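> Before anything else, here's the structure in question.
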Amino acid sequence: MITPYFLENFWGEKNNGFDVLYHNMKHGQISSKELTDFIRERSTIEEAYARSMTKLAKSAGNFSQLGTFAPVWDVFKSSTEKLASCHLELVRKLQELIKEVQKYVDEQAKAHKKTKEEVASTLEAVQNIQTISQALQKSKEIYNAKTVEQERLRKEGATQRDVDKAGVKAKKATETYKSYVEKYATAKSEFEQKMAETAQKFQDIEESHILHMKEIIQSYSQSVDETHIQIGEVHNEFVRNMENTSVESLIQKLSESKGTGKERPGPIEFEECNAAVATEGAKPRKRKTFAIPGRRKDKDTDSTESTEVEAANTANGAPPGYYGAIDFQNANVPQVDAEGFCVRPEVNENDAKENSFYSSSDSEDEDEPRKFHVEIKPVQPNNGTHQNRATIDELKASIGNIILSPSTSGQIRRNQSSDELAKTRMPASYELSSNDLLSLDPLSPTLAGSSSMSSSTVPALNRPTTPLTAGALVPPPRPSSRPKLPAGKLTGINEIVRPFSPPKTSNASPPPTAPLARAESSSSLSSNASVSASNTPTVGTSRGPSPVTLASQDALPIAVAFTESVNAYFKGADPTKCIVKITGDMTLSFPMGIIKVFTTNPSPAVLTFKLKNTSKLEQILPNQQLLYSDPSQSDSNSKDFWFNMQALTSYLRKASDQNPSASYYNVDILKYQVLSNGIHSTPLNLAVYWKCSPSTTDLRVDYRYNPESMASPGPISNVQILVPVDGGVANMQSLPTGIWNSEQNKFLWKLNDISEKSDNEGAGSLRAKFELSSGPSTPTTLAVQFMSEGSTLSGVDMELQGTGYRLSLSKKRFATGRYMADC
């Protein structure tokens, strides 16, 4: 039995012991969650280590298999693979342990909720005694003051009337004081009884909590210890294998596998020359005839010209007639003698060396081999040119595979149309490429498809930039696509554009509080003002209220928007196979009035800001033409940037000249990629199950809201799930009800907002059954889209530094890019 420490140490004059013990109990939940995070992080590290070991084992298998040392690499490969298996086994055990800890966290939360209800009466007793204590102290002070006042009047010889009045007040104060003393005694007795019971209850809860936590840690330690034992066994096996791999055995293996024979060369004796035999062997032999295809020799009556001509025409794989008929009578063929040998043309020796091509005739007994001249003349078909040239489609296909690097010059195309701008900067609706599942859905306008940037055409990150000058600003040409972030996180998943823009067909004016809304751009702005965000800012304009009038001495308002895109691919119900990539954009919005302040002030205040929570970012791509930063900054959780004010002023002035009616100008400042932790970084976890038979297909989609992925958890909205189903769907039913498109064979679910306040804390299942006429169905990829306002996944934020500017608005949101799931 543990000493009742809580019962003995949580009293005191202010009676705050209950409050301390209650919050200590709540801290237990925090400890449990943090322990879960710790084990999960250890699991992630072990998994990454196992993958690295597997990669190392493969590389060992690819090392040179030549030489006597080659068999040793097999020992390395086997040992490394076993080490990787040991760490993967530890990952599996830790994942199981995480499930147990999560279960305990849920049970702990329920137990705490129940305890809160049970100790409610103790809380009332605590509040009662605290209230009575305060009233008692106050009544005591009043009693003392009235008593002293009565004595003072009596001593100073005041009138009897005044003395009597003071006596009445003193008597009333005395009665009030005595009543509070009695109330305090009653409250004290009740408080002590309930506090003693509650203190012991809190101690019992803590004992149980710590005991359970120790059991979890023991399981964790045991799993790690077992892995270390396995690693030790693998290492010992490696040592034994190396000891058994002796120098003699390696040399023996090489000798047995690469040996060239055991017979040594025999002796050779001197043989005298036999003149008669030598003379007979020196007689000339008949030379082999060299025949020209398609041309028959006089002595060779068995050859057929037609077969040889056909073989010559089709030798290159072309269909008959593709190159036209060859006129062998008029062709430039060499002359031959009576036996079919080529007659060497009489040409100058120097000219022959420089301009001619000769081939040997395989003569065996001549000092100088015969050579013949071959000349191929182009065929001139007389039935059109379509037979000897590639088709237009073939040429287009070839040109389509050519990638042009972005120009490093300062020139820009003046004839870029608004359609081209639309391809480069897509509107804010959730658009995917024409190959995506969502782009083929005709049921919802938000799922319309458009062109997207292929990862194969993305230029490198370190592209040259075009310097800006105050006198003449010439933005560089728009690159063919956005800057590419490092591969490996999510290959082949394209980013969506920032969903801060209305569709290009919209002419509506945004409210004054939303300066970051974009409006349609004219062709002149697209050719001069819209350029890539990695090198130069992309300026969008918005039609809002009247232009803002600012004085040079005012703090200039700046608005900022953080927009993040989460791309994910789920494979079955295995969380370790989830691939995630999260990217983000930071955009600043400047009111039109700020341009006048910049242009009239020769030295405007430098706009400086701090990017916070950067430790959660894997890579940051600032707009190098507008921003400066110090690469030697030591703070890993923040990064300072400041503007090239001359370049910013010139750029905004140019954008204003091209669109003077705009009230705000949006400038892309930087892009970033967020560190991801697999499925734990996805706001909505998915698992898909298919059951396909010739007559029916059953589909189930499990989903779970994941608040841990967000910096500030909020609801996700506009949730839509699209599933293609083949096999000839004749009838179907679903729960909840969805929409079936019979023309495109796709099924669509539209869900309400999902959050922690939803049923089952945002977890649920979608079910559908399809009756087929030509089954079975083939399981396909499921596509999902959603968005969330007011928060980001990274938690990155901006803080203005210095004076002269103020942050008037900060917008945060994230949305899906390519969010898919397979069975």
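Ordered as shown in the structure tokens, chains take letters A, B, and onward, while each chain numbers its residues from 1 and ligands are numbered from 1 in the order shown.
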What's around Thr816 in chain A at 10 Å? Count only C-alpha atoms, leave out sequence neighbours fewer than 4 positions away in its own chain, and write the answer as an NGL selection string.
:A and (430 or 495-496 or 564-568 or 582 or 682-683 or 719 or 784-788 or 820)
> Excluding Glu207 in chain A and its own-chain neighbours fewer than 3 positions away, which residues fall within 12 Å of it when counting only C-alpha atoms? Please give them as a VMD selection string.
chain A and resid 1 to 6 25 28 200 to 204 210 to 214
> Find the distance between CA of Ala70 in chain A and CA of Thr245 in chain A and write it in Å to one decimal.
11.6 Å
> Tell me, in Å to one decimal, how far CA of Ser650 in chain A is from CA of Leu807 in chain A.
22.1 Å
> Fewer than 4 positions away in the same chain doesn't count, so skip those; otherwise give me all residues within 10 Å of range 793-800 of chain A, counting only C-alpha atoms, as JSON, numbers by chain.
{"A": [558, 560, 561, 562, 563, 564, 565, 566, 582, 583, 584, 586, 607, 608, 609, 610, 611, 612, 613, 614, 615, 616, 617, 637, 638, 639, 640, 641, 642, 672, 673, 674, 675, 676, 681, 682, 683, 707, 708, 709, 710, 711, 712, 713, 788, 804, 805, 806, 807, 810, 812, 813, 814, 815]}
> Take the residues from that selection and write them out as a PDB file, in the first residue's frame, keeping C-alpha atoms.

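In the end it all went to selection37.pdb:
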```pdb
ATOM      1  CA  ILE A 558      -0.454  44.265 -46.288  1.00  0.00           C
ATOM      2  CA  VAL A 560      -1.105  37.547 -46.725  1.00  0.00           C
ATOM      3  CA  ALA A 561      -2.516  34.194 -47.796  1.00  0.00           C
ATOM      4  CA  PHE A 562      -1.149  30.701 -47.190  1.00  0.00           C
ATOM      5  CA  THR A 563      -2.586  28.036 -49.493  1.00  0.00           C
ATOM      6  CA  GLU A 564      -1.512  24.423 -49.193  1.00  0.00           C
ATOM      7  CA  SER A 565      -2.205  21.415 -51.404  1.00  0.00           C
ATOM      8  CA  VAL A 566      -2.168  17.889 -49.976  1.00  0.00           C
ATOM      9  CA  ILE A 582       2.220  18.623 -49.260  1.00  0.00           C
ATOM     10  CA  THR A 583       3.133  21.883 -50.969  1.00  0.00           C
ATOM     11  CA  GLY A 584       2.219  25.455 -50.196  1.00  0.00           C
ATOM     12  CA  MET A 586       2.551  32.298 -49.830  1.00  0.00           C
ATOM     13  CA  LEU A 607       9.276  45.533 -46.075  1.00  0.00           C
ATOM     14  CA  THR A 608      10.678  42.799 -43.820  1.00  0.00           C
ATOM     15  CA  PHE A 609       8.943  39.730 -42.482  1.00  0.00           C
ATOM     16  CA  LYS A 610       9.720  36.584 -40.526  1.00  0.00           C
ATOM     17  CA  LEU A 611       8.481  33.215 -41.758  1.00  0.00           C
ATOM     18  CA  LYS A 612       7.650  31.208 -38.629  1.00  0.00           C
ATOM     19  CA  ASN A 613       7.460  27.452 -37.963  1.00  0.00           C
ATOM     20  CA  THR A 614       9.867  26.704 -40.811  1.00  0.00           C
ATOM     21  CA  SER A 615      11.193  23.617 -39.015  1.00  0.00           C
ATOM     22  CA  LYS A 616       8.160  21.807 -40.441  1.00  0.00           C
ATOM     23  CA  LEU A 617       9.167  22.689 -44.004  1.00  0.00           C
ATOM     24  CA  ASN A 637      12.171  27.420 -36.789  1.00  0.00           C
ATOM     25  CA  SER A 638      12.079  30.798 -38.551  1.00  0.00           C
ATOM     26  CA  LYS A 639      13.605  32.605 -41.477  1.00  0.00           C
ATOM     27  CA  ASP A 640      13.853  36.333 -42.163  1.00  0.00           C
ATOM     28  CA  PHE A 641      13.176  37.845 -45.592  1.00  0.00           C
ATOM     29  CA  TRP A 642      13.250  41.419 -46.853  1.00  0.00           C
ATOM     30  CA  TYR A 672       7.420  25.496 -49.958  1.00  0.00           C
ATOM     31  CA  GLN A 673       7.182  21.768 -49.401  1.00  0.00           C
ATOM     32  CA  VAL A 674       6.036  20.449 -46.038  1.00  0.00           C
ATOM     33  CA  LEU A 675       7.703  17.603 -44.169  1.00  0.00           C
ATOM     34  CA  SER A 676       5.264  14.708 -44.235  1.00  0.00           C
ATOM     35  CA  SER A 681      -0.042  13.901 -42.364  1.00  0.00           C
ATOM     36  CA  THR A 682      -3.308  13.306 -44.219  1.00  0.00           C
ATOM     37  CA  PRO A 683      -6.444  15.143 -43.011  1.00  0.00           C
ATOM     38  CA  PRO A 707      -7.061  16.377 -36.561  1.00  0.00           C
ATOM     39  CA  GLU A 708      -3.410  15.658 -35.727  1.00  0.00           C
ATOM     40  CA  SER A 709      -2.445  16.499 -39.304  1.00  0.00           C
ATOM     41  CA  MET A 710      -3.565  20.131 -38.940  1.00  0.00           C
ATOM     42  CA  ALA A 711      -1.939  23.001 -37.111  1.00  0.00           C
ATOM     43  CA  SER A 712      -5.374  24.149 -35.873  1.00  0.00           C
ATOM     44  CA  PRO A 713      -7.940  21.400 -36.455  1.00  0.00           C
ATOM     45  CA  SER A 788     -10.609  23.508 -45.275  1.00  0.00           C
ATOM     46  CA  GLY A 804       5.927  51.202 -41.693  1.00  0.00           C
ATOM     47  CA  TYR A 805       3.621  48.271 -42.461  1.00  0.00           C
ATOM     48  CA  ARG A 806       0.797  46.425 -40.772  1.00  0.00           C
ATOM     49  CA  LEU A 807      -0.830  43.076 -41.471  1.00  0.00           C
ATOM     50  CA  SER A 810      -4.236  36.750 -42.982  1.00  0.00           C
ATOM     51  CA  LYS A 812      -5.124  30.243 -44.480  1.00  0.00           C
ATOM     52  CA  ARG A 813      -6.568  27.251 -46.244  1.00  0.00           C
ATOM     53  CA  PHE A 814      -5.681  23.882 -47.673  1.00  0.00           C
ATOM     54  CA  ALA A 815      -7.263  21.653 -50.270  1.00  0.00           C
TER      55      ALA A 815
END
```
> Can you list, as a PyMOL selection string, every protein, DNA or RNA residue that comes within 12 Å of Asp74 in chain A when you count only C-alpha atoms, leaving out same-chain residues fewer than 4 positions away?
chain A and resi 57-65+69-70+78-81+238+241-242+245
> Restricted to N, CA and C atoms, what would the selected residues look like written as an mmCIF file, in the first residue's frame?

```cif
data_model
loop_
_atom_site.group_PDB
_atom_site.id
_atom_site.type_symbol
_atom_site.label_atom_id
_atom_site.label_comp_id
_atom_site.auth_asym_id
_atom_site.auth_seq_id
_atom_site.Cartn_x
_atom_site.Cartn_y
_atom_site.Cartn_z
ATOM 1 N N ALA A 57 21.411 -3.568 -49.237
ATOM 2 C CA ALA A 57 21.520 -4.978 -49.615
ATOM 3 C C ALA A 57 21.428 -5.142 -51.125
ATOM 4 N N LYS A 58 20.532 -4.399 -51.758
ATOM 5 C CA LYS A 58 20.413 -4.476 -53.213
ATOM 6 C C LYS A 58 21.689 -3.993 -53.890
ATOM 7 N N SER A 59 22.271 -2.925 -53.349
ATOM 8 C CA SER A 59 23.505 -2.419 -53.948
ATOM 9 C C SER A 59 24.638 -3.434 -53.803
ATOM 10 N N ALA A 60 24.657 -4.150 -52.672
ATOM 11 C CA ALA A 60 25.682 -5.183 -52.493
ATOM 12 C C ALA A 60 25.509 -6.295 -53.521
ATOM 13 N N GLY A 61 24.249 -6.590 -53.884
ATOM 14 C CA GLY A 61 24.006 -7.613 -54.890
ATOM 15 C C GLY A 61 24.399 -7.175 -56.286
ATOM 16 N N ASN A 62 24.530 -5.853 -56.480
ATOM 17 C CA ASN A 62 24.885 -5.335 -57.795
ATOM 18 C C ASN A 62 26.374 -5.050 -57.956
ATOM 19 N N PHE A 63 27.136 -5.313 -56.891
ATOM 20 C CA PHE A 63 28.566 -5.087 -56.982
ATOM 21 C C PHE A 63 29.209 -6.106 -57.920
ATOM 22 N N SER A 64 30.437 -5.849 -58.272
ATOM 23 C CA SER A 64 31.134 -6.683 -59.255
ATOM 24 C C SER A 64 31.182 -8.141 -58.799
ATOM 25 N N GLN A 65 30.828 -9.035 -59.735
ATOM 26 C CA GLN A 65 30.883 -10.466 -59.466
ATOM 27 C C GLN A 65 32.146 -11.088 -60.047
ATOM 28 N N PHE A 69 37.070 -12.020 -54.683
ATOM 29 C CA PHE A 69 36.297 -11.447 -53.571
ATOM 30 C C PHE A 69 34.793 -11.479 -53.821
ATOM 31 N N ALA A 70 34.362 -11.792 -55.043
ATOM 32 C CA ALA A 70 32.946 -11.712 -55.416
ATOM 33 C C ALA A 70 32.020 -12.489 -54.479
ATOM 34 N N SER A 78 23.157 -11.074 -47.773
ATOM 35 C CA SER A 78 22.285 -11.879 -46.914
ATOM 36 C C SER A 78 22.191 -11.284 -45.512
ATOM 37 N N SER A 79 23.329 -10.873 -44.956
ATOM 38 C CA SER A 79 23.341 -10.317 -43.605
ATOM 39 C C SER A 79 22.583 -8.993 -43.544
ATOM 40 N N THR A 80 22.771 -8.156 -44.560
ATOM 41 C CA THR A 80 22.088 -6.852 -44.573
ATOM 42 C C THR A 80 20.589 -7.022 -44.720
ATOM 43 N N GLU A 81 20.151 -7.960 -45.547
ATOM 44 C CA GLU A 81 18.722 -8.221 -45.693
ATOM 45 C C GLU A 81 18.113 -8.695 -44.375
ATOM 46 N N PHE A 238 27.029 -13.450 -39.315
ATOM 47 C CA PHE A 238 27.904 -12.808 -40.293
ATOM 48 C C PHE A 238 29.376 -13.084 -39.968
ATOM 49 N N ASN A 241 30.150 -16.678 -40.837
ATOM 50 C CA ASN A 241 30.264 -16.859 -42.285
ATOM 51 C C ASN A 241 31.578 -16.321 -42.816
ATOM 52 N N MET A 242 31.995 -15.165 -42.279
ATOM 53 C CA MET A 242 33.270 -14.613 -42.730
ATOM 54 C C MET A 242 34.438 -15.482 -42.288
ATOM 55 N N THR A 245 34.634 -18.344 -44.560
ATOM 56 C CA THR A 245 35.060 -17.975 -45.908
ATOM 57 C C THR A 245 36.569 -17.744 -45.883
#
```
> Do a neighbour search on Ser249 in chain A at 12 Å with only C-alpha atoms, toss out local chain neighbours closer than 4 positions, and write the hits as an NGL selection string.
:A and (68-69 or 71-72 or 242-245 or 253-256)
> Could you pull out all residues of range 62-120 of chain A with a DSSP call of helix (DSSP H, G or I) and give them as a ChimeraX atom specification?
/A:70-118,120
> Measuring atom to atom with only C-alpha atoms, identify which of A:Gln150, A:Thr176, A:Thr227, A:Ser219 is nearest to Gln137 in chain A.
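The answer is A:Thr176, which sits nearest to Gln137 in chain A.
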> List the spatial neighbours of Ile142 in chain A as a PyMOL selection string - criterion: any atom at most 8 Å away, only C-alpha atoms, same-chain residues fewer than 4 positions off excluded.
chain A and resi 138+146+173
> Using the selection just defined, write its residues with all heavy atoms as an mmCIF file, in the first residue's frame.

```cif
data_model
loop_
_atom_site.group_PDB
_atom_site.id
_atom_site.type_symbol
_atom_site.label_atom_id
_atom_site.label_comp_id
_atom_site.auth_asym_id
_atom_site.auth_seq_id
_atom_site.Cartn_x
_atom_site.Cartn_y
_atom_site.Cartn_z
ATOM 1 N N LYS A 138 -13.870 39.111 5.864
ATOM 2 C CA LYS A 138 -14.425 40.456 5.727
ATOM 3 C C LYS A 138 -15.285 40.840 6.925
ATOM 4 O O LYS A 138 -15.223 41.976 7.437
ATOM 5 C CB LYS A 138 -15.250 40.518 4.440
ATOM 6 C CG LYS A 138 -15.712 41.920 4.086
ATOM 7 C CD LYS A 138 -16.395 41.942 2.733
ATOM 8 C CE LYS A 138 -16.825 43.360 2.374
ATOM 9 N NZ LYS A 138 -17.507 43.414 1.055
ATOM 10 N N LYS A 146 -15.999 48.153 13.990
ATOM 11 C CA LYS A 146 -17.140 48.680 14.735
ATOM 12 C C LYS A 146 -16.875 48.671 16.236
ATOM 13 O O LYS A 146 -17.270 49.612 16.962
ATOM 14 C CB LYS A 146 -18.393 47.850 14.421
ATOM 15 C CG LYS A 146 -18.823 47.893 12.961
ATOM 16 C CD LYS A 146 -19.143 49.307 12.500
ATOM 17 C CE LYS A 146 -19.583 49.345 11.058
ATOM 18 N NZ LYS A 146 -19.838 50.725 10.587
ATOM 19 N N ALA A 173 -22.460 43.641 13.777
ATOM 20 C CA ALA A 173 -21.236 43.083 13.208
ATOM 21 C C ALA A 173 -20.788 41.842 13.947
ATOM 22 O O ALA A 173 -20.292 40.877 13.356
ATOM 23 C CB ALA A 173 -20.132 44.136 13.204
#
```
